[in-house]
Amino acid sequence: MRMLMLAAIAILAASPGFAQVPLPFQQPLTLPSVTPDPDQLRQTTHPAPTPDLVPFVYLRTRAKVTADPDKIWETDELEPWPGKETVTIQEYAAENAQGRWIISQVWGGGCSTDLCPTRLVLDTANGEPHVKLTDMLHQVIPPELAERLFTAQTRQNLSPAYLRHPFALSADGKTLINGNLSFKID
Amino acid sequence: MPPRVVMLIAGAVSSLFLLTSVVIAGETIDSLLRAGMPFVCAPFGAAVSASEGKFSTVNQYGCVGAFQFCPATLANYYDKSAGEFLAHPGDQVTAWLHYQRDQWKIAVNNHLNSLLGRIVCHGMLGNIKRCSVIHDSAIIMACQFGCGKLGKLANYLKGQDCEAREVKDGNLVSVCDYLLRGAGYDVSCFTGGSC
């Protein structure tokens with residue numbers, strides 16, 4: 001009986017009629033548990049390379065720079081971590097019929113715990129590099145850092161596909177995939 | 001007390017219980033306190049950890065611990081291996097406190113604190129618009145989308161449109177979800193330098 005009453009109360013609580021009644025705790029709506037968890041909306045897997053995807057491979061690390069030697073970033077876009085004066089740039093590359101693609105990720109104060117400012121450029125054979133995307137993407141795991149940070153035991157949880165190819169381009173060149181994130185390309 | 005009011009209060013408590021039970025992962029306030037988290041910021045820490053992980057969590061992208069420090073952030077805030085980080089919850093709390101203080105500095109540098117006191121509305125709860133006044137804890141939570149000049153919160157400051165593509169991540173989750181999610185916590189140990 002008690003369970004039935006609780007269920008009835010829960011149904012009442014979820015009904016629109018109940019929601020119209022102003023209660024003190026509803027102003028403002030500051031209950032974190034009421035908000036759907038955005039992380040639960042995310043997909044959880046990184047795709048393995050397929051013939052439909054063009055994988056990016058590690059190109060180089062530009063360590064401790066104040067300007068981008070590759071001119072992908074303007075100097076005022078490079079934000080160091082507080083207390084530091086330089087950033088580190090990680091680069092990955094891929095090629096398809098459209099040309100050579102470079103992904104450049106800035107490691108610095110613009111990063112959150114898991115995302116960093118990242119830019120995709122297309123370097124065509126006869127022209128200037130074209131910026132195709134600038135967004136916040138998952139942090140990469142460059143080979144040297146993977147060796148330094150992760151032992152065999154901690155590495156076993158990592159996705160081998162993500163470790164080798166953290167980015168992949170769709171065959172039509174219109175979508176960039178980064179783990180569980182995807183981005184339309186202009 | 002009138003019976004309908006009693007029922008409404010009981011319903012509210014019951015629905016809160018049901019909704020709260022949805023949060024399943026992460027470290028508790030108690031475990032964070034034991035690892036050295038300052039008391040005032042422990043509820044916020046637990047809220048962040050709830051969607052990140054346990055002290056021992058390693059995910060497929062190389063992100064580790066209760067706050068899921070990924071390689072770039074881990075390398076900046078910790079000078080030992082991921083294994084050492086996982087084995088020492090106190091180190092995780094220390095690194096996270098440092099990181100959050102830095103995030104607030106970056107947010108201020110980029111004038112994101114000019115959002116303080118404004119109202120953000122995004123989505124619906126039943127037939128009620130989900131709205132909240134933006135306080136410092138909302139900004140710190142939204143820094144999960146980056147508080148740099150190229151981050152989502154900086155984009156939100158420009159247009160203040162929760163539905164704009166540039167304020168959403170690669171899964172089309174809006175930074176406004178995080179502004180709402182972060183409302184109502186004490187984060188003075190990051191923003192006020194009190195601990």
# chains A, B, ... in the order shown; residues from 1 in each chain; ligands from 1
$ residues_around --residues "Gly45 of chain B" --least-positions-apart "2" --cutoff "9 Å" --atoms "only C-alpha atoms" --output "ChimeraX atom specification"
/B:27-29,32,37,41-43,47-50,67,93,96
$ closest_atom_pairs --of "chain B" --to "chain A" --cutoff "6 Å" --atoms "only C-alpha atoms" --output "JSON lines"
{"residue": "B:Gly11", "atom": "CA", "partner": "A:Ile9", "partner_atom": "CA", "distance": 4.9}
{"residue": "B:Ser15", "atom": "CA", "partner": "A:Ala10", "partner_atom": "CA", "distance": 5.7}
{"residue": "B:Thr20", "atom": "CA", "partner": "A:Ser33", "partner_atom": "CA", "distance": 5.3}
{"residue": "B:Gln60", "atom": "CA", "partner": "A:Leu158", "partner_atom": "CA", "distance": 4.0}
{"residue": "B:Tyr61", "atom": "CA", "partner": "A:Leu158", "partner_atom": "CA", "distance": 5.9}
{"residue": "B:Gly62", "atom": "CA", "partner": "A:Leu158", "partner_atom": "CA", "distance": 5.7}
{"residue": "B:Phe69", "atom": "CA", "partner": "A:Thr113", "partner_atom": "CA", "distance": 5.1}
{"residue": "B:Cys70", "atom": "CA", "partner": "A:Asp114", "partner_atom": "CA", "distance": 5.1}
{"residue": "B:Thr73", "atom": "CA", "partner": "A:Thr113", "partner_atom": "CA", "distance": 5.7}
{"residue": "B:Ser81", "atom": "CA", "partner": "A:Leu149", "partner_atom": "CA", "distance": 4.5}
{"residue": "B:Ala82", "atom": "CA", "partner": "A:Leu149", "partner_atom": "CA", "distance": 5.3}
{"residue": "B:Gly126", "atom": "CA", "partner": "A:Pro16", "partner_atom": "CA", "distance": 5.8}
{"residue": "B:Ser132", "atom": "CA", "partner": "A:Pro28", "partner_atom": "CA", "distance": 5.4}
{"residue": "B:Gln144", "atom": "CA", "partner": "A:Ser112", "partner_atom": "CA", "distance": 5.4}
{"residue": "B:Gly146", "atom": "CA", "partner": "A:Ser112", "partner_atom": "CA", "distance": 5.0}
{"residue": "B:Gly148", "atom": "CA", "partner": "A:Gly110", "partner_atom": "CA", "distance": 4.0}
{"residue": "B:Gly170", "atom": "CA", "partner": "A:Leu181", "partner_atom": "CA", "distance": 4.4}
{"residue": "B:Asn171", "atom": "CA", "partner": "A:Leu181", "partner_atom": "CA", "distance": 5.6}
{"residue": "B:Arg181", "atom": "CA", "partner": "A:Pro32", "partner_atom": "CA", "distance": 4.8}
{"residue": "B:Ala183", "atom": "CA", "partner": "A:Thr30", "partner_atom": "CA", "distance": 5.2}
{"residue": "B:Gly184", "atom": "CA", "partner": "A:Thr30", "partner_atom": "CA", "distance": 5.6}
$ closest_residue --among "B:Asp161, B:Asp177, B:Leu74, B:Tyr99" --to "Arg130 of chain B" --atoms "only C-alpha atoms"
B:Asp177
$ atom_distance --atom1 "atom CA of Trp104 of chain B" --atom2 "atom CA of Val187 of chain B"
10.0 Å
$ residues_around --residues "Asp186 of chain A" --least-positions-apart "2" --cutoff "8 Å" --atoms "only C-alpha atoms" --output "ChimeraX atom specification"
/A:132-133,174,184
$ select_by_dssp --residues "segment 95-171 of chain B" --states "alpha helix (DSSP H)" --output "PyMOL selection string"
chain B and resi 95-109+136-142+152-159
$ write_last_selection --atoms "N, CA and C atoms" --output "PDB file, in the first residue's frame"
ATOM      1  N   ALA B  95      45.289  18.262  -8.085  1.00  0.00           N
ATOM      2  CA  ALA B  95      45.380  18.683  -9.494  1.00  0.00           C
ATOM      3  C   ALA B  95      44.085  19.357  -9.936  1.00  0.00           C
ATOM      4  N   TRP B  96      42.958  18.801  -9.497  1.00  0.00           N
ATOM      5  CA  TRP B  96      41.661  19.358  -9.920  1.00  0.00           C
ATOM      6  C   TRP B  96      41.433  20.741  -9.315  1.00  0.00           C
ATOM      7  N   LEU B  97      41.814  20.918  -8.073  1.00  0.00           N
ATOM      8  CA  LEU B  97      41.674  22.238  -7.438  1.00  0.00           C
ATOM      9  C   LEU B  97      42.513  23.272  -8.192  1.00  0.00           C
ATOM     10  N   HIS B  98      43.736  22.893  -8.528  1.00  0.00           N
ATOM     11  CA  HIS B  98      44.614  23.774  -9.302  1.00  0.00           C
ATOM     12  C   HIS B  98      43.980  24.097 -10.660  1.00  0.00           C
ATOM     13  N   TYR B  99      43.491  23.056 -11.314  1.00  0.00           N
ATOM     14  CA  TYR B  99      42.850  23.218 -12.629  1.00  0.00           C
ATOM     15  C   TYR B  99      41.645  24.155 -12.541  1.00  0.00           C
ATOM     16  N   GLN B 100      40.796  23.954 -11.539  1.00  0.00           N
ATOM     17  CA  GLN B 100      39.592  24.784 -11.446  1.00  0.00           C
ATOM     18  C   GLN B 100      39.926  26.231 -11.132  1.00  0.00           C
ATOM     19  N   ARG B 101      40.945  26.466 -10.299  1.00  0.00           N
ATOM     20  CA  ARG B 101      41.352  27.862 -10.040  1.00  0.00           C
ATOM     21  C   ARG B 101      41.842  28.497 -11.336  1.00  0.00           C
ATOM     22  N   ASP B 102      42.594  27.727 -12.121  1.00  0.00           N
ATOM     23  CA  ASP B 102      43.062  28.236 -13.411  1.00  0.00           C
ATOM     24  C   ASP B 102      41.898  28.521 -14.357  1.00  0.00           C
ATOM     25  N   GLN B 103      40.913  27.633 -14.342  1.00  0.00           N
ATOM     26  CA  GLN B 103      39.764  27.838 -15.226  1.00  0.00           C
ATOM     27  C   GLN B 103      39.063  29.164 -14.907  1.00  0.00           C
ATOM     28  N   TRP B 104      38.949  29.461 -13.617  1.00  0.00           N
ATOM     29  CA  TRP B 104      38.306  30.717 -13.249  1.00  0.00           C
ATOM     30  C   TRP B 104      39.141  31.907 -13.731  1.00  0.00           C
ATOM     31  N   LYS B 105      40.482  31.795 -13.585  1.00  0.00           N
ATOM     32  CA  LYS B 105      41.348  32.877 -14.084  1.00  0.00           C
ATOM     33  C   LYS B 105      41.153  33.070 -15.591  1.00  0.00           C
ATOM     34  N   ILE B 106      41.103  31.965 -16.316  1.00  0.00           N
ATOM     35  CA  ILE B 106      40.935  32.037 -17.775  1.00  0.00           C
ATOM     36  C   ILE B 106      39.574  32.640 -18.115  1.00  0.00           C
ATOM     37  N   ALA B 107      38.550  32.224 -17.376  1.00  0.00           N
ATOM     38  CA  ALA B 107      37.208  32.759 -17.609  1.00  0.00           C
ATOM     39  C   ALA B 107      37.184  34.277 -17.395  1.00  0.00           C
ATOM     40  N   VAL B 108      37.828  34.715 -16.343  1.00  0.00           N
ATOM     41  CA  VAL B 108      37.867  36.160 -16.056  1.00  0.00           C
ATOM     42  C   VAL B 108      38.665  36.884 -17.136  1.00  0.00           C
ATOM     43  N   ASN B 109      39.803  36.310 -17.518  1.00  0.00           N
ATOM     44  CA  ASN B 109      40.614  36.929 -18.582  1.00  0.00           C
ATOM     45  C   ASN B 109      39.815  37.116 -19.865  1.00  0.00           C
ATOM     46  N   ASP B 136      28.756  32.024 -10.357  1.00  0.00           N
ATOM     47  CA  ASP B 136      30.109  31.553 -10.693  1.00  0.00           C
ATOM     48  C   ASP B 136      30.182  30.034 -10.859  1.00  0.00           C
ATOM     49  N   SER B 137      29.367  29.281 -10.105  1.00  0.00           N
ATOM     50  CA  SER B 137      29.430  27.820 -10.236  1.00  0.00           C
ATOM     51  C   SER B 137      28.931  27.367 -11.610  1.00  0.00           C
ATOM     52  N   ALA B 138      27.986  28.100 -12.173  1.00  0.00           N
ATOM     53  CA  ALA B 138      27.498  27.763 -13.517  1.00  0.00           C
ATOM     54  C   ALA B 138      28.605  27.974 -14.538  1.00  0.00           C
ATOM     55  N   ILE B 139      29.354  29.061 -14.369  1.00  0.00           N
ATOM     56  CA  ILE B 139      30.456  29.339 -15.305  1.00  0.00           C
ATOM     57  C   ILE B 139      31.537  28.268 -15.189  1.00  0.00           C
ATOM     58  N   ILE B 140      31.888  27.928 -13.950  1.00  0.00           N
ATOM     59  CA  ILE B 140      32.914  26.894 -13.756  1.00  0.00           C
ATOM     60  C   ILE B 140      32.460  25.561 -14.362  1.00  0.00           C
ATOM     61  N   MET B 141      31.197  25.209 -14.178  1.00  0.00           N
ATOM     62  CA  MET B 141      30.705  23.955 -14.761  1.00  0.00           C
ATOM     63  C   MET B 141      30.743  24.024 -16.286  1.00  0.00           C
ATOM     64  N   ALA B 142      30.377  25.168 -16.834  1.00  0.00           N
ATOM     65  CA  ALA B 142      30.355  25.311 -18.295  1.00  0.00           C
ATOM     66  C   ALA B 142      31.761  25.338 -18.880  1.00  0.00           C
ATOM     67  N   LYS B 152      33.202  27.186 -25.952  1.00  0.00           N
ATOM     68  CA  LYS B 152      31.762  27.354 -26.192  1.00  0.00           C
ATOM     69  C   LYS B 152      31.155  28.476 -25.359  1.00  0.00           C
ATOM     70  N   LEU B 153      31.714  28.690 -24.165  1.00  0.00           N
ATOM     71  CA  LEU B 153      31.138  29.736 -23.323  1.00  0.00           C
ATOM     72  C   LEU B 153      31.451  31.121 -23.896  1.00  0.00           C
ATOM     73  N   ALA B 154      32.633  31.260 -24.487  1.00  0.00           N
ATOM     74  CA  ALA B 154      32.961  32.524 -25.166  1.00  0.00           C
ATOM     75  C   ALA B 154      32.027  32.731 -26.352  1.00  0.00           C
ATOM     76  N   ASN B 155      31.710  31.659 -27.047  1.00  0.00           N
ATOM     77  CA  ASN B 155      30.747  31.769 -28.151  1.00  0.00           C
ATOM     78  C   ASN B 155      29.368  32.154 -27.628  1.00  0.00           C
ATOM     79  N   TYR B 156      28.995  31.594 -26.482  1.00  0.00           N
ATOM     80  CA  TYR B 156      27.691  31.923 -25.906  1.00  0.00           C
ATOM     81  C   TYR B 156      27.637  33.400 -25.502  1.00  0.00           C
ATOM     82  N   LEU B 157      28.738  33.893 -24.967  1.00  0.00           N
ATOM     83  CA  LEU B 157      28.781  35.304 -24.552  1.00  0.00           C
ATOM     84  C   LEU B 157      28.508  36.232 -25.739  1.00  0.00           C
ATOM     85  N   LYS B 158      28.992  35.834 -26.905  1.00  0.00           N
ATOM     86  CA  LYS B 158      28.805  36.697 -28.089  1.00  0.00           C
ATOM     87  C   LYS B 158      27.338  36.785 -28.506  1.00  0.00           C
ATOM     88  N   GLY B 159      26.677  35.652 -28.584  1.00  0.00           N
ATOM     89  CA  GLY B 159      25.312  35.673 -29.115  1.00  0.00           C
ATOM     90  C   GLY B 159      24.220  35.370 -28.106  1.00  0.00           C
TER      91      GLY B 159
END
$ atom_distance --atom1 "atom CA of Gln160 of chain B" --atom2 "atom CA of Leu116 of chain B"
12.8 Å
$ closest_residue --among "A:Pro129, A:Pro55, A:Gly173, A:Pro143" --to "Ala93 of chain A" --atoms "only C-alpha atoms"
A:Pro55
$ atom_distance --atom1 "atom CA of Ala171 of chain A" --atom2 "atom CA of Ser104 of chain A"
20.2 Å
$ closest_residue --among "B:Val133, B:Val58, B:Ala66, B:Val40" --to "Gln92 of chain B" --atoms "only C-alpha atoms"
B:Ala66
$ select_by_dssp --residues "segment 12-142 of chain B" --states "strand (DSSP E)" --output "MDAnalysis selection string"
chainID B and resid 119:125 128:133
$ write_last_selection --atoms "N, CA and C atoms" --output "mmCIF file, in the first residue's frame"
data_model
loop_
_atom_site.group_PDB
_atom_site.id
_atom_site.type_symbol
_atom_site.label_atom_id
_atom_site.label_comp_id
_atom_site.auth_asym_id
_atom_site.auth_seq_id
_atom_site.Cartn_x
_atom_site.Cartn_y
_atom_site.Cartn_z
ATOM 1 N N ILE B 119 20.304 35.776 -16.881
ATOM 2 C CA ILE B 119 19.436 34.584 -16.816
ATOM 3 C C ILE B 119 19.635 33.754 -18.073
ATOM 4 N N VAL B 120 19.832 32.466 -17.884
ATOM 5 C CA VAL B 120 19.920 31.549 -19.023
ATOM 6 C C VAL B 120 18.706 30.632 -18.982
ATOM 7 N N CYS B 121 18.077 30.444 -20.112
ATOM 8 C CA CYS B 121 16.937 29.527 -20.240
ATOM 9 C C CYS B 121 17.242 28.555 -21.363
ATOM 10 N N HIS B 122 16.981 27.295 -21.099
ATOM 11 C CA HIS B 122 17.251 26.289 -22.137
ATOM 12 C C HIS B 122 16.430 25.048 -21.852
ATOM 13 N N GLY B 123 15.610 24.661 -22.812
ATOM 14 C CA GLY B 123 14.832 23.439 -22.680
ATOM 15 C C GLY B 123 13.656 23.604 -21.730
ATOM 16 N N MET B 124 12.954 22.525 -21.540
ATOM 17 C CA MET B 124 11.742 22.539 -20.722
ATOM 18 C C MET B 124 11.817 21.436 -19.671
ATOM 19 N N LEU B 125 11.174 21.703 -18.541
ATOM 20 C CA LEU B 125 10.956 20.677 -17.526
ATOM 21 C C LEU B 125 9.453 20.562 -17.375
ATOM 22 N N ILE B 128 7.391 23.786 -17.860
ATOM 23 C CA ILE B 128 8.102 24.944 -17.310
ATOM 24 C C ILE B 128 9.425 25.106 -18.036
ATOM 25 N N LYS B 129 9.715 26.317 -18.433
ATOM 26 C CA LYS B 129 11.000 26.606 -19.065
ATOM 27 C C LYS B 129 12.114 26.423 -18.038
ATOM 28 N N ARG B 130 13.172 25.775 -18.412
ATOM 29 C CA ARG B 130 14.314 25.606 -17.494
ATOM 30 C C ARG B 130 15.153 26.874 -17.541
ATOM 31 N N CYS B 131 15.171 27.590 -16.458
ATOM 32 C CA CYS B 131 15.905 28.857 -16.392
ATOM 33 C C CYS B 131 16.692 28.929 -15.086
ATOM 34 N N SER B 132 17.748 29.710 -15.116
ATOM 35 C CA SER B 132 18.494 29.959 -13.887
ATOM 36 C C SER B 132 19.308 31.239 -14.035
ATOM 37 N N VAL B 133 19.561 31.883 -12.909
ATOM 38 C CA VAL B 133 20.494 33.004 -12.889
ATOM 39 C C VAL B 133 21.906 32.426 -12.954
#
$ decode --residues "segment 119-132 of chain A" --atoms "all heavy atoms" --output "PDB file, in the first residue's frame"
ATOM      1  N   ARG A 119      41.793  22.747 -35.025  1.00  0.00           N
ATOM      2  CA  ARG A 119      41.471  23.317 -36.345  1.00  0.00           C
ATOM      3  C   ARG A 119      41.791  22.300 -37.424  1.00  0.00           C
ATOM      4  O   ARG A 119      42.841  21.636 -37.390  1.00  0.00           O
ATOM      5  CB  ARG A 119      42.264  24.603 -36.542  1.00  0.00           C
ATOM      6  CG  ARG A 119      41.976  25.334 -37.837  1.00  0.00           C
ATOM      7  CD  ARG A 119      42.446  26.778 -37.771  1.00  0.00           C
ATOM      8  NE  ARG A 119      41.498  27.587 -36.985  1.00  0.00           N
ATOM      9  CZ  ARG A 119      41.764  28.813 -36.522  1.00  0.00           C
ATOM     10  NH1 ARG A 119      42.956  29.353 -36.737  1.00  0.00           N
ATOM     11  NH2 ARG A 119      40.858  29.484 -35.848  1.00  0.00           N
ATOM     12  N   LEU A 120      40.887  22.196 -38.390  1.00  0.00           N
ATOM     13  CA  LEU A 120      41.079  21.332 -39.562  1.00  0.00           C
ATOM     14  C   LEU A 120      41.330  22.229 -40.775  1.00  0.00           C
ATOM     15  O   LEU A 120      40.531  23.135 -41.047  1.00  0.00           O
ATOM     16  CB  LEU A 120      39.811  20.490 -39.784  1.00  0.00           C
ATOM     17  CG  LEU A 120      39.731  19.687 -41.080  1.00  0.00           C
ATOM     18  CD1 LEU A 120      40.725  18.532 -41.073  1.00  0.00           C
ATOM     19  CD2 LEU A 120      38.311  19.153 -41.296  1.00  0.00           C
ATOM     20  N   VAL A 121      42.440  21.991 -41.461  1.00  0.00           N
ATOM     21  CA  VAL A 121      42.703  22.767 -42.677  1.00  0.00           C
ATOM     22  C   VAL A 121      42.944  21.819 -43.844  1.00  0.00           C
ATOM     23  O   VAL A 121      43.453  20.702 -43.676  1.00  0.00           O
ATOM     24  CB  VAL A 121      43.917  23.721 -42.518  1.00  0.00           C
ATOM     25  CG1 VAL A 121      43.666  24.757 -41.436  1.00  0.00           C
ATOM     26  CG2 VAL A 121      45.190  22.958 -42.233  1.00  0.00           C
ATOM     27  N   LEU A 122      42.562  22.283 -45.029  1.00  0.00           N
ATOM     28  CA  LEU A 122      42.791  21.525 -46.263  1.00  0.00           C
ATOM     29  C   LEU A 122      43.844  22.264 -47.069  1.00  0.00           C
ATOM     30  O   LEU A 122      43.663  23.432 -47.427  1.00  0.00           O
ATOM     31  CB  LEU A 122      41.486  21.407 -47.061  1.00  0.00           C
ATOM     32  CG  LEU A 122      41.599  20.761 -48.442  1.00  0.00           C
ATOM     33  CD1 LEU A 122      42.140  19.335 -48.344  1.00  0.00           C
ATOM     34  CD2 LEU A 122      40.245  20.777 -49.159  1.00  0.00           C
ATOM     35  N   ASP A 123      44.930  21.557 -47.330  1.00  0.00           N
ATOM     36  CA  ASP A 123      46.043  22.139 -48.064  1.00  0.00           C
ATOM     37  C   ASP A 123      45.976  21.605 -49.491  1.00  0.00           C
ATOM     38  O   ASP A 123      46.441  20.506 -49.774  1.00  0.00           O
ATOM     39  CB  ASP A 123      47.356  21.722 -47.387  1.00  0.00           C
ATOM     40  CG  ASP A 123      48.518  22.565 -47.866  1.00  0.00           C
ATOM     41  OD1 ASP A 123      48.295  23.464 -48.691  1.00  0.00           O
ATOM     42  OD2 ASP A 123      49.636  22.309 -47.403  1.00  0.00           O
ATOM     43  N   THR A 124      45.362  22.365 -50.380  1.00  0.00           N
ATOM     44  CA  THR A 124      45.222  21.893 -51.761  1.00  0.00           C
ATOM     45  C   THR A 124      46.540  22.075 -52.506  1.00  0.00           C
ATOM     46  O   THR A 124      47.415  22.815 -52.068  1.00  0.00           O
ATOM     47  CB  THR A 124      44.106  22.669 -52.492  1.00  0.00           C
ATOM     48  OG1 THR A 124      44.389  24.060 -52.389  1.00  0.00           O
ATOM     49  CG2 THR A 124      42.761  22.378 -51.865  1.00  0.00           C
ATOM     50  N   ALA A 125      46.669  21.387 -53.645  1.00  0.00           N
ATOM     51  CA  ALA A 125      47.955  21.366 -54.355  1.00  0.00           C
ATOM     52  C   ALA A 125      48.385  22.760 -54.827  1.00  0.00           C
ATOM     53  O   ALA A 125      49.560  23.095 -54.785  1.00  0.00           O
ATOM     54  CB  ALA A 125      47.846  20.417 -55.550  1.00  0.00           C
ATOM     55  N   ASN A 126      47.435  23.566 -55.243  1.00  0.00           N
ATOM     56  CA  ASN A 126      47.817  24.842 -55.856  1.00  0.00           C
ATOM     57  C   ASN A 126      47.313  26.062 -55.099  1.00  0.00           C
ATOM     58  O   ASN A 126      47.178  27.138 -55.680  1.00  0.00           O
ATOM     59  CB  ASN A 126      47.277  24.906 -57.293  1.00  0.00           C
ATOM     60  CG  ASN A 126      47.867  23.799 -58.144  1.00  0.00           C
ATOM     61  OD1 ASN A 126      49.069  23.566 -58.115  1.00  0.00           O
ATOM     62  ND2 ASN A 126      47.017  23.098 -58.853  1.00  0.00           N
ATOM     63  N   GLY A 127      47.026  25.915 -53.871  1.00  0.00           N
ATOM     64  CA  GLY A 127      46.445  27.077 -53.212  1.00  0.00           C
ATOM     65  C   GLY A 127      46.851  27.234 -51.766  1.00  0.00           C
ATOM     66  O   GLY A 127      47.707  26.523 -51.254  1.00  0.00           O
ATOM     67  N   GLU A 128      46.238  28.208 -51.147  1.00  0.00           N
ATOM     68  CA  GLU A 128      46.450  28.487 -49.732  1.00  0.00           C
ATOM     69  C   GLU A 128      45.716  27.439 -48.902  1.00  0.00           C
ATOM     70  O   GLU A 128      44.705  26.884 -49.342  1.00  0.00           O
ATOM     71  CB  GLU A 128      45.863  29.858 -49.410  1.00  0.00           C
ATOM     72  CG  GLU A 128      46.616  31.030 -50.029  1.00  0.00           C
ATOM     73  CD  GLU A 128      47.939  31.261 -49.317  1.00  0.00           C
ATOM     74  OE1 GLU A 128      47.915  31.402 -48.081  1.00  0.00           O
ATOM     75  OE2 GLU A 128      48.976  31.278 -50.003  1.00  0.00           O
ATOM     76  N   PRO A 129      46.214  27.168 -47.691  1.00  0.00           N
ATOM     77  CA  PRO A 129      45.455  26.270 -46.810  1.00  0.00           C
ATOM     78  C   PRO A 129      44.080  26.876 -46.482  1.00  0.00           C
ATOM     79  O   PRO A 129      43.982  28.070 -46.228  1.00  0.00           O
ATOM     80  CB  PRO A 129      46.329  26.202 -45.553  1.00  0.00           C
ATOM     81  CG  PRO A 129      47.668  26.678 -45.968  1.00  0.00           C
ATOM     82  CD  PRO A 129      47.456  27.626 -47.110  1.00  0.00           C
ATOM     83  N   HIS A 130      43.066  26.052 -46.526  1.00  0.00           N
ATOM     84  CA  HIS A 130      41.714  26.514 -46.219  1.00  0.00           C
ATOM     85  C   HIS A 130      41.306  26.002 -44.848  1.00  0.00           C
ATOM     86  O   HIS A 130      41.363  24.792 -44.604  1.00  0.00           O
ATOM     87  CB  HIS A 130      40.711  25.985 -47.242  1.00  0.00           C
ATOM     88  CG  HIS A 130      40.944  26.488 -48.631  1.00  0.00           C
ATOM     89  ND1 HIS A 130      40.629  27.764 -49.037  1.00  0.00           N
ATOM     90  CD2 HIS A 130      41.488  25.883 -49.711  1.00  0.00           C
ATOM     91  CE1 HIS A 130      40.963  27.928 -50.310  1.00  0.00           C
ATOM     92  NE2 HIS A 130      41.491  26.787 -50.738  1.00  0.00           N
ATOM     93  N   VAL A 131      40.876  26.898 -43.975  1.00  0.00           N
ATOM     94  CA  VAL A 131      40.354  26.468 -42.674  1.00  0.00           C
ATOM     95  C   VAL A 131      38.956  25.904 -42.901  1.00  0.00           C
ATOM     96  O   VAL A 131      38.075  26.595 -43.404  1.00  0.00           O
ATOM     97  CB  VAL A 131      40.304  27.645 -41.678  1.00  0.00           C
ATOM     98  CG1 VAL A 131      39.640  27.198 -40.385  1.00  0.00           C
ATOM     99  CG2 VAL A 131      41.702  28.176 -41.407  1.00  0.00           C
ATOM    100  N   LYS A 132      38.777  24.645 -42.537  1.00  0.00           N
ATOM    101  CA  LYS A 132      37.481  23.985 -42.753  1.00  0.00           C
ATOM    102  C   LYS A 132      36.672  23.840 -41.464  1.00  0.00           C
ATOM    103  O   LYS A 132      35.469  23.659 -41.502  1.00  0.00           O
ATOM    104  CB  LYS A 132      37.698  22.586 -43.365  1.00  0.00           C
ATOM    105  CG  LYS A 132      38.539  22.582 -44.618  1.00  0.00           C
ATOM    106  CD  LYS A 132      37.886  23.340 -45.751  1.00  0.00           C
ATOM    107  CE  LYS A 132      36.869  22.505 -46.499  1.00  0.00           C
ATOM    108  NZ  LYS A 132      36.342  23.198 -47.687  1.00  0.00           N
TER     109      LYS A 132
END
